[in-house]
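Engineer: See model-v3.txt below, with compact mmCIF, N, CA and C atoms.
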# COMPACT_ATOMS: atom_id res chain seq x y z
N MET A 1018 110.40 55.69 105.14
CA MET A 1018 109.29 54.75 105.14
C MET A 1018 109.61 53.62 104.18
N LYS A 1019 109.48 52.40 104.63
CA LYS A 1019 109.74 51.24 103.81
C LYS A 1019 108.50 50.36 103.84
N VAL A 1020 107.94 50.07 102.69
CA VAL A 1020 106.71 49.29 102.60
C VAL A 1020 107.00 47.99 101.89
N LYS A 1021 106.46 46.88 102.39
CA LYS A 1021 106.64 45.58 101.75
C LYS A 1021 105.26 44.98 101.50
N PHE A 1022 105.10 44.36 100.35
CA PHE A 1022 103.88 43.62 100.04
C PHE A 1022 104.28 42.25 99.53
N GLU A 1023 103.53 41.24 99.88
CA GLU A 1023 103.75 39.90 99.37
C GLU A 1023 102.63 39.61 98.37
N PHE A 1024 103.01 39.04 97.24
CA PHE A 1024 102.00 38.69 96.24
C PHE A 1024 102.58 37.69 95.28
N GLY A 1025 101.79 36.73 94.90
CA GLY A 1025 102.15 35.76 93.87
C GLY A 1025 103.58 35.27 93.93
N GLY A 1026 104.11 35.00 95.11
CA GLY A 1026 105.47 34.54 95.21
C GLY A 1026 106.49 35.66 95.22
N PHE A 1027 106.04 36.89 95.27
CA PHE A 1027 106.93 38.04 95.24
C PHE A 1027 106.64 38.97 96.40
N LYS A 1028 107.63 39.78 96.75
CA LYS A 1028 107.44 40.88 97.69
C LYS A 1028 107.74 42.15 96.92
N LEU A 1029 107.01 43.20 97.22
CA LEU A 1029 107.26 44.50 96.61
C LEU A 1029 107.75 45.43 97.71
N LYS A 1030 108.90 46.04 97.51
CA LYS A 1030 109.43 46.99 98.48
C LYS A 1030 109.48 48.36 97.83
N GLU A 1031 109.17 49.38 98.58
CA GLU A 1031 109.17 50.74 98.06
C GLU A 1031 109.99 51.58 99.02
N HIS A 1032 110.93 52.37 98.52
CA HIS A 1032 111.85 53.12 99.34
C HIS A 1032 111.66 54.62 99.23
N LYS A 1033 110.49 55.08 98.97
CA LYS A 1033 110.24 56.50 98.84
C LYS A 1033 108.87 56.79 99.44
N ARG A 1034 108.65 58.00 99.89
CA ARG A 1034 107.36 58.35 100.48
C ARG A 1034 106.32 58.62 99.41
N ILE A 1035 105.85 57.57 98.80
CA ILE A 1035 104.79 57.65 97.80
C ILE A 1035 103.68 56.73 98.29
N GLN A 1036 102.46 57.21 98.30
CA GLN A 1036 101.34 56.37 98.73
C GLN A 1036 101.11 55.29 97.69
N LEU A 1037 101.12 54.06 98.14
CA LEU A 1037 100.89 52.95 97.23
C LEU A 1037 99.44 52.91 96.79
N PRO A 1038 99.17 52.55 95.54
CA PRO A 1038 97.80 52.52 95.04
C PRO A 1038 97.04 51.25 95.42
N PHE A 1039 97.63 50.37 96.24
CA PHE A 1039 96.97 49.13 96.62
C PHE A 1039 97.39 48.76 98.04
N LYS A 1040 96.61 47.92 98.66
CA LYS A 1040 96.88 47.52 100.04
C LYS A 1040 97.66 46.21 100.11
N SER A 1041 97.24 45.19 99.36
CA SER A 1041 97.93 43.90 99.39
C SER A 1041 97.59 43.12 98.12
N ASN A 1042 98.36 42.06 97.87
CA ASN A 1042 98.18 41.19 96.72
C ASN A 1042 97.99 41.96 95.41
N PRO A 1043 98.96 42.80 95.04
CA PRO A 1043 98.82 43.57 93.81
C PRO A 1043 98.82 42.70 92.56
N THR A 1044 98.14 43.15 91.56
CA THR A 1044 98.06 42.47 90.27
C THR A 1044 99.10 43.08 89.33
N ILE A 1045 99.20 42.53 88.13
CA ILE A 1045 100.09 43.11 87.13
C ILE A 1045 99.66 44.54 86.79
N ASP A 1046 98.36 44.80 86.81
CA ASP A 1046 97.87 46.17 86.58
C ASP A 1046 98.31 47.10 87.70
N ASP A 1047 98.30 46.60 88.93
CA ASP A 1047 98.78 47.40 90.06
C ASP A 1047 100.26 47.73 89.89
N ILE A 1048 101.04 46.74 89.48
CA ILE A 1048 102.48 46.95 89.27
C ILE A 1048 102.69 48.03 88.22
N ASN A 1049 101.95 47.95 87.12
CA ASN A 1049 102.10 48.95 86.06
C ASN A 1049 101.65 50.33 86.51
N SER A 1050 100.59 50.40 87.30
CA SER A 1050 100.16 51.70 87.84
C SER A 1050 101.23 52.27 88.76
N TYR A 1051 101.83 51.40 89.55
CA TYR A 1051 102.87 51.84 90.46
C TYR A 1051 104.11 52.27 89.69
N LEU A 1052 104.48 51.53 88.66
CA LEU A 1052 105.61 51.93 87.81
C LEU A 1052 105.39 53.32 87.22
N ASP A 1053 104.14 53.64 86.89
CA ASP A 1053 103.82 54.96 86.33
C ASP A 1053 104.28 56.09 87.25
N LEU A 1054 104.29 55.85 88.56
CA LEU A 1054 104.74 56.86 89.51
C LEU A 1054 106.21 57.21 89.30
N PHE A 1055 106.99 56.26 88.76
CA PHE A 1055 108.42 56.48 88.57
C PHE A 1055 108.74 57.18 87.25
N LEU A 1056 107.73 57.43 86.43
CA LEU A 1056 107.96 58.20 85.21
C LEU A 1056 108.45 59.61 85.55
N LEU A 1057 107.90 60.19 86.60
CA LEU A 1057 108.24 61.57 86.98
C LEU A 1057 108.81 61.69 88.39
N SER A 1058 108.94 60.56 89.09
CA SER A 1058 109.44 60.59 90.46
C SER A 1058 110.77 59.86 90.56
N ASP A 1059 111.52 60.20 91.57
CA ASP A 1059 112.79 59.54 91.85
C ASP A 1059 112.58 58.52 92.96
N GLY A 1060 113.33 57.45 92.92
CA GLY A 1060 113.23 56.46 93.98
C GLY A 1060 113.72 55.10 93.55
N VAL A 1061 113.46 54.12 94.41
CA VAL A 1061 113.88 52.75 94.19
C VAL A 1061 112.69 51.83 94.38
N LEU A 1062 112.56 50.87 93.49
CA LEU A 1062 111.48 49.88 93.57
C LEU A 1062 112.11 48.51 93.43
N GLU A 1063 111.75 47.58 94.32
CA GLU A 1063 112.25 46.22 94.23
C GLU A 1063 111.08 45.25 94.13
N LEU A 1064 111.22 44.30 93.25
CA LEU A 1064 110.28 43.21 93.12
C LEU A 1064 111.10 41.96 93.30
N GLU A 1065 110.72 41.11 94.29
CA GLU A 1065 111.53 39.93 94.52
C GLU A 1065 110.67 38.73 94.86
N GLN A 1066 111.21 37.56 94.52
CA GLN A 1066 110.55 36.32 94.87
C GLN A 1066 110.72 36.09 96.37
N ARG A 1067 109.78 35.38 96.96
CA ARG A 1067 109.86 35.11 98.40
C ARG A 1067 111.03 34.21 98.74
N GLU A 1068 111.28 33.21 97.91
CA GLU A 1068 112.34 32.25 98.21
C GLU A 1068 113.25 32.07 97.00
N GLU A 1069 114.52 31.88 97.29
CA GLU A 1069 115.47 31.57 96.24
C GLU A 1069 115.46 30.06 96.03
N GLU A 1070 115.53 29.64 94.80
CA GLU A 1070 115.56 28.22 94.49
C GLU A 1070 116.70 27.96 93.51
N GLY A 1071 117.86 27.59 94.04
CA GLY A 1071 119.00 27.32 93.18
C GLY A 1071 119.41 28.55 92.41
N SER A 1072 119.38 28.47 91.08
CA SER A 1072 119.79 29.61 90.27
C SER A 1072 118.59 30.34 89.67
N ILE A 1073 117.42 30.18 90.25
CA ILE A 1073 116.23 30.88 89.77
C ILE A 1073 116.33 32.36 90.15
N PRO A 1074 116.02 33.26 89.23
CA PRO A 1074 116.07 34.70 89.53
C PRO A 1074 115.24 35.05 90.75
N PHE A 1075 115.71 36.02 91.52
CA PHE A 1075 114.95 36.36 92.71
C PHE A 1075 114.73 37.84 92.95
N ARG A 1076 115.34 38.76 92.21
CA ARG A 1076 115.12 40.17 92.50
C ARG A 1076 115.28 41.04 91.26
N LEU A 1077 114.39 42.03 91.15
CA LEU A 1077 114.49 43.04 90.11
C LEU A 1077 114.37 44.40 90.80
N THR A 1078 115.35 45.27 90.58
CA THR A 1078 115.40 46.57 91.24
C THR A 1078 115.45 47.68 90.21
N LEU A 1079 114.65 48.71 90.44
CA LEU A 1079 114.63 49.90 89.60
C LEU A 1079 115.15 51.07 90.41
N TYR A 1080 116.13 51.78 89.86
CA TYR A 1080 116.61 53.05 90.41
C TYR A 1080 116.18 54.12 89.41
N ALA A 1081 115.46 55.13 89.87
CA ALA A 1081 114.94 56.16 88.97
C ALA A 1081 115.27 57.55 89.51
N GLU A 1082 115.80 58.39 88.59
CA GLU A 1082 116.06 59.78 88.95
C GLU A 1082 116.12 60.60 87.66
N ASN A 1083 115.34 61.67 87.63
CA ASN A 1083 115.32 62.59 86.49
C ASN A 1083 115.12 61.88 85.15
N GLN A 1084 114.19 60.96 85.10
CA GLN A 1084 113.84 60.19 83.90
C GLN A 1084 115.03 59.39 83.35
N LYS A 1085 115.93 59.01 84.24
CA LYS A 1085 117.02 58.09 83.92
C LYS A 1085 116.80 56.87 84.79
N TYR A 1086 116.95 55.68 84.20
CA TYR A 1086 116.57 54.46 84.89
C TYR A 1086 117.68 53.42 84.83
N LEU A 1087 117.90 52.77 85.95
CA LEU A 1087 118.82 51.65 86.05
C LEU A 1087 118.02 50.48 86.58
N VAL A 1088 118.05 49.37 85.87
CA VAL A 1088 117.36 48.16 86.30
C VAL A 1088 118.42 47.10 86.55
N MET A 1089 118.39 46.52 87.75
CA MET A 1089 119.32 45.44 88.09
C MET A 1089 118.51 44.19 88.41
N PHE A 1090 118.89 43.12 87.74
CA PHE A 1090 118.22 41.84 87.88
C PHE A 1090 119.19 40.90 88.56
N GLY A 1091 118.85 40.43 89.76
CA GLY A 1091 119.74 39.55 90.51
C GLY A 1091 119.17 38.16 90.63
N LYS A 1092 120.06 37.17 90.54
CA LYS A 1092 119.63 35.80 90.75
C LYS A 1092 120.70 35.05 91.49
N SER A 1093 120.29 34.02 92.19
CA SER A 1093 121.21 33.19 92.94
C SER A 1093 122.14 32.47 91.98
N ASN A 1094 123.42 32.45 92.34
CA ASN A 1094 124.39 31.70 91.55
C ASN A 1094 125.54 31.33 92.48
N PRO A 1095 125.58 30.09 92.94
CA PRO A 1095 126.62 29.68 93.89
C PRO A 1095 128.03 29.70 93.28
N GLU A 1096 128.13 29.86 91.95
CA GLU A 1096 129.43 29.85 91.29
C GLU A 1096 130.14 31.20 91.31
N VAL A 1097 129.47 32.28 91.75
CA VAL A 1097 130.11 33.58 91.84
C VAL A 1097 130.43 33.88 93.30
N ASP A 1098 131.36 34.82 93.52
CA ASP A 1098 131.89 35.08 94.87
C ASP A 1098 130.83 35.34 95.93
N ASP A 1099 129.91 36.26 95.68
CA ASP A 1099 128.93 36.60 96.71
C ASP A 1099 127.63 35.82 96.58
N GLY A 1100 127.58 34.86 95.65
CA GLY A 1100 126.40 34.01 95.49
C GLY A 1100 125.27 34.63 94.70
N VAL A 1101 125.48 35.85 94.17
CA VAL A 1101 124.44 36.54 93.41
C VAL A 1101 125.01 37.01 92.08
N GLU A 1102 124.35 36.65 91.01
CA GLU A 1102 124.69 37.12 89.67
C GLU A 1102 123.78 38.31 89.36
N VAL A 1103 124.35 39.40 88.88
CA VAL A 1103 123.56 40.59 88.58
C VAL A 1103 123.65 40.88 87.08
N ARG A 1104 122.48 41.09 86.47
CA ARG A 1104 122.41 41.49 85.06
C ARG A 1104 121.68 42.83 85.00
N THR A 1105 121.98 43.60 83.95
CA THR A 1105 121.36 44.91 83.79
C THR A 1105 121.27 45.24 82.31
N PHE A 1106 120.64 46.37 82.00
CA PHE A 1106 120.63 46.84 80.62
C PHE A 1106 122.07 47.13 80.21
N TYR A 1107 122.35 47.05 78.92
CA TYR A 1107 123.65 47.46 78.42
C TYR A 1107 123.45 48.03 77.03
N ASP A 1108 123.84 49.29 76.86
CA ASP A 1108 123.71 49.96 75.57
C ASP A 1108 125.04 50.58 75.21
N LYS A 1109 125.79 49.90 74.33
CA LYS A 1109 127.13 50.37 73.96
C LYS A 1109 127.09 51.65 73.13
N THR A 1110 125.90 52.07 72.68
CA THR A 1110 125.79 53.29 71.87
C THR A 1110 125.69 54.55 72.73
N ARG A 1111 125.47 54.38 74.04
CA ARG A 1111 125.38 55.56 74.91
C ARG A 1111 126.74 56.22 75.05
N THR A 1112 126.74 57.50 75.32
CA THR A 1112 127.97 58.26 75.51
C THR A 1112 128.81 57.63 76.62
N PRO A 1113 130.10 57.40 76.37
CA PRO A 1113 130.96 56.83 77.42
C PRO A 1113 131.03 57.75 78.63
N GLY A 1114 131.23 57.15 79.77
CA GLY A 1114 131.37 57.93 80.99
C GLY A 1114 130.50 57.39 82.10
N GLU A 1115 130.44 58.17 83.16
CA GLU A 1115 129.67 57.79 84.34
C GLU A 1115 128.73 58.92 84.73
N LEU A 1116 127.68 58.56 85.46
CA LEU A 1116 126.77 59.58 85.96
C LEU A 1116 126.24 59.17 87.32
N TYR A 1117 125.84 60.19 88.08
CA TYR A 1117 125.27 59.93 89.39
C TYR A 1117 123.79 59.65 89.25
N LEU A 1118 123.34 58.61 89.95
CA LEU A 1118 121.93 58.25 90.01
C LEU A 1118 121.64 57.90 91.45
N LEU A 1119 120.81 58.70 92.09
CA LEU A 1119 120.45 58.52 93.49
C LEU A 1119 121.68 58.46 94.40
N GLY A 1120 122.68 59.29 94.09
CA GLY A 1120 123.84 59.40 94.95
C GLY A 1120 124.97 58.43 94.67
N ASP A 1121 124.78 57.49 93.75
CA ASP A 1121 125.83 56.55 93.40
C ASP A 1121 126.28 56.79 91.97
N LEU A 1122 127.54 56.50 91.70
CA LEU A 1122 128.11 56.68 90.38
C LEU A 1122 127.97 55.38 89.58
N TRP A 1123 127.40 55.49 88.35
CA TRP A 1123 127.15 54.32 87.50
C TRP A 1123 127.70 54.57 86.11
N ASP A 1124 128.06 53.49 85.43
CA ASP A 1124 128.49 53.57 84.04
C ASP A 1124 127.28 53.96 83.19
N ASN A 1125 127.44 54.94 82.33
CA ASN A 1125 126.34 55.44 81.51
C ASN A 1125 125.75 54.37 80.60
N SER A 1126 126.54 53.36 80.23
CA SER A 1126 126.06 52.32 79.31
C SER A 1126 124.97 51.43 79.92
N ILE A 1127 124.80 51.45 81.24
CA ILE A 1127 123.77 50.61 81.86
C ILE A 1127 122.53 51.41 82.26
N ILE A 1128 122.50 52.68 81.89
CA ILE A 1128 121.36 53.56 82.17
C ILE A 1128 120.48 53.63 80.93
N THR A 1129 119.17 53.71 81.14
CA THR A 1129 118.27 53.91 80.01
C THR A 1129 117.33 55.07 80.31
N GLU A 1130 116.85 55.69 79.27
CA GLU A 1130 115.80 56.71 79.38
C GLU A 1130 114.52 56.20 78.74
N ASP A 1131 114.54 54.95 78.31
CA ASP A 1131 113.40 54.31 77.66
C ASP A 1131 112.57 53.57 78.72
N PHE A 1132 111.53 54.25 79.20
CA PHE A 1132 110.73 53.65 80.27
C PHE A 1132 109.96 52.43 79.80
N SER A 1133 109.69 52.31 78.51
CA SER A 1133 108.99 51.11 78.02
C SER A 1133 109.85 49.87 78.25
N LEU A 1134 111.16 50.02 78.20
CA LEU A 1134 112.07 48.91 78.48
C LEU A 1134 112.01 48.52 79.96
N VAL A 1135 111.92 49.50 80.82
CA VAL A 1135 111.76 49.25 82.26
C VAL A 1135 110.47 48.48 82.51
N ARG A 1136 109.39 48.97 81.92
CA ARG A 1136 108.08 48.33 82.10
C ARG A 1136 108.12 46.88 81.58
N LYS A 1137 108.74 46.68 80.42
CA LYS A 1137 108.83 45.34 79.84
C LYS A 1137 109.58 44.39 80.78
N ALA A 1138 110.67 44.86 81.37
CA ALA A 1138 111.44 44.04 82.31
C ALA A 1138 110.60 43.67 83.53
N PHE A 1139 109.90 44.63 84.12
CA PHE A 1139 109.09 44.35 85.31
C PHE A 1139 107.92 43.44 84.99
N ASN A 1140 107.27 43.66 83.87
CA ASN A 1140 106.14 42.79 83.50
C ASN A 1140 106.60 41.36 83.27
N GLU A 1141 107.69 41.20 82.55
CA GLU A 1141 108.19 39.86 82.27
C GLU A 1141 108.61 39.15 83.56
N PHE A 1142 109.29 39.87 84.44
CA PHE A 1142 109.70 39.28 85.71
C PHE A 1142 108.49 38.90 86.56
N TYR A 1143 107.50 39.78 86.62
CA TYR A 1143 106.29 39.50 87.41
C TYR A 1143 105.57 38.27 86.87
N LEU A 1144 105.46 38.17 85.56
CA LEU A 1144 104.69 37.08 84.95
C LEU A 1144 105.45 35.76 84.90
N THR A 1145 106.78 35.80 84.74
CA THR A 1145 107.53 34.55 84.53
C THR A 1145 108.59 34.27 85.60
N GLY A 1146 108.98 35.28 86.36
CA GLY A 1146 110.06 35.10 87.33
C GLY A 1146 111.45 35.20 86.70
N ASP A 1147 111.50 35.55 85.42
CA ASP A 1147 112.77 35.64 84.71
C ASP A 1147 112.68 36.80 83.71
N ILE A 1148 113.81 37.13 83.09
CA ILE A 1148 113.83 38.17 82.06
C ILE A 1148 114.71 37.68 80.93
N ASP A 1149 114.24 37.87 79.73
CA ASP A 1149 114.98 37.49 78.53
C ASP A 1149 116.38 38.12 78.58
N PRO A 1150 117.43 37.32 78.37
CA PRO A 1150 118.79 37.89 78.38
C PRO A 1150 119.02 38.95 77.31
N ASN A 1151 118.15 39.04 76.32
CA ASN A 1151 118.25 40.11 75.33
C ASN A 1151 117.83 41.46 75.90
N ILE A 1152 117.08 41.44 77.01
CA ILE A 1152 116.67 42.68 77.66
C ILE A 1152 117.73 43.11 78.69
N VAL A 1153 118.13 42.19 79.55
CA VAL A 1153 119.20 42.46 80.52
C VAL A 1153 120.28 41.41 80.31
N SER A 1154 121.52 41.86 80.22
CA SER A 1154 122.59 40.90 79.95
C SER A 1154 123.59 40.86 81.11
Re-express the file's structure as structure tokens.

Structural biologist:
Amino acid sequence: MKVKFEFGGFKLKEHKRIQLPFKSNPTIDDINSYLDLFLLSDGVLELEQREEEGSIPFRLTLYAENQKYLVMFGKSNPEVDDGVEVRTFYDKTRTPGELYLLGDLWDNSIITEDFSLVRKAFNEFYLTGDIDPNIVS
């Protein structure tokens, strides 16, 4: 089941069988309530702008499994090979190595277990369309 919602210049996509707490035009409170579902559930959540405008950010994706979180922030950038620049969390203090998250292998340094950081990224993206490079680099 794949659900899409359009709101405030963004679309929300959900890739797991979880009943959404809203029907359309979700607010920031709706987004936070929905994020709460990922505290204990596995899945993928995407928040994206309807249209790309030059190098303006256009997508934020959360991968969640077993209270481990990967957030990928993508924005248009015609100067890179595939036209998309991707930024994510980076924590050099995490144990070196790789781990599986939702069936894919990821570098452990880009995974977080701090859900408040995930929430901060989604709130900032929802409110401003961008994320401070100190949060995702």

Engineer: Here is a test: counting all atoms listed in the file, which residue of A:Lys1109, A:Asn1083, A:Phe1090, A:Asp1098 is nearest to Glu1130 in chain A?

Structural biologist: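 Selected residue with least distance to Glu1130 in chain A: A:Asn1083.
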
Engineer: Name the closest residue to Val1103 in chain A among the candidates A:Leu1144, A:Leu1116, A:Met1089, A:Leu1056; distances are taken between atoms, counting only N, CA and C atoms.

Structural biologist: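 Comparing A:Leu1144, A:Leu1116, A:Met1089, A:Leu1056 against Val1103 in chain A, the winner is A:Met1089.
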
Engineer: Hey, which of A:Leu1062, A:Asn1151, A:Arg1136, A:Ile1048 ends up closest to Tyr1107 in chain A? Count only N, CA and C atoms.

Structural biologist: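 Once distances to Tyr1107 in chain A are computed over only N, CA and C atoms, the minimum belongs to A:Asn1151.
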
Engineer: Just the number, please: distance in Å from atom C of Gln1084 in chain A to atom N of Asn1140 in chain A, one decimal.

Structural biologist: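 Separation of atom C of Gln1084 in chain A and atom N of Asn1140 in chain A: 17.5 Å.
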
Engineer: Could you tell me how far atom C of Ile1152 in chain A sits from atom C of Leu1054 in chain A, in Å to one decimal place?

Structural biologist: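 If I compute the distance from atom C of Leu1054 in chain A to atom C of Ile1152 in chain A, I get 21.1 Å.
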
Engineer: Write out as a PyMOL selection string all residues of range 1099-1152 of chain A that DSSP puts in helix (DSSP H, G or I) for this structure's backbone.

Structural biologist: chain A and resi 1125-1127+1132-1145

Engineer: Restricting the calculation to only N, CA and C atoms, which member of A:Thr1112, A:Asn1049, A:Thr1078, A:Thr1105 is positioned closest to Val1061 in chain A?

Structural biologist: A:Thr1078

Engineer: Dump N, CA and C atoms of range 1077-1088 of chain A from the given block, as a compact mmCIF listing (two decimals), in the first residue's frame.

Structural biologist:
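This went into part-v8.txt:
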# COMPACT_ATOMS: atom_id res chain seq x y z
N LEU A 1077 12.94 14.60 1.75
CA LEU A 1077 13.50 14.10 2.99
C LEU A 1077 12.91 12.71 3.22
N THR A 1078 13.77 11.72 3.41
CA THR A 1078 13.34 10.33 3.55
C THR A 1078 13.85 9.76 4.86
N LEU A 1079 12.97 9.07 5.56
CA LEU A 1079 13.31 8.38 6.80
C LEU A 1079 13.20 6.88 6.57
N TYR A 1080 14.26 6.16 6.92
CA TYR A 1080 14.25 4.70 6.95
C TYR A 1080 14.35 4.31 8.42
N ALA A 1081 13.42 3.51 8.90
CA ALA A 1081 13.38 3.16 10.32
C ALA A 1081 13.24 1.65 10.48
N GLU A 1082 14.11 1.10 11.37
CA GLU A 1082 14.01 -0.32 11.70
C GLU A 1082 14.69 -0.54 13.05
N ASN A 1083 13.96 -1.18 13.95
CA ASN A 1083 14.49 -1.52 15.28
C ASN A 1083 15.11 -0.32 16.01
N GLN A 1084 14.43 0.80 15.97
CA GLN A 1084 14.86 2.04 16.62
C GLN A 1084 16.22 2.53 16.11
N LYS A 1085 16.53 2.21 14.87
CA LYS A 1085 17.69 2.76 14.17
C LYS A 1085 17.14 3.54 12.99
N TYR A 1086 17.68 4.73 12.76
CA TYR A 1086 17.10 5.64 11.79
C TYR A 1086 18.15 6.17 10.83
N LEU A 1087 17.78 6.22 9.57
CA LEU A 1087 18.59 6.83 8.53
C LEU A 1087 17.73 7.90 7.89
N VAL A 1088 18.24 9.12 7.84
CA VAL A 1088 17.53 10.22 7.20
C VAL A 1088 18.37 10.68 6.01
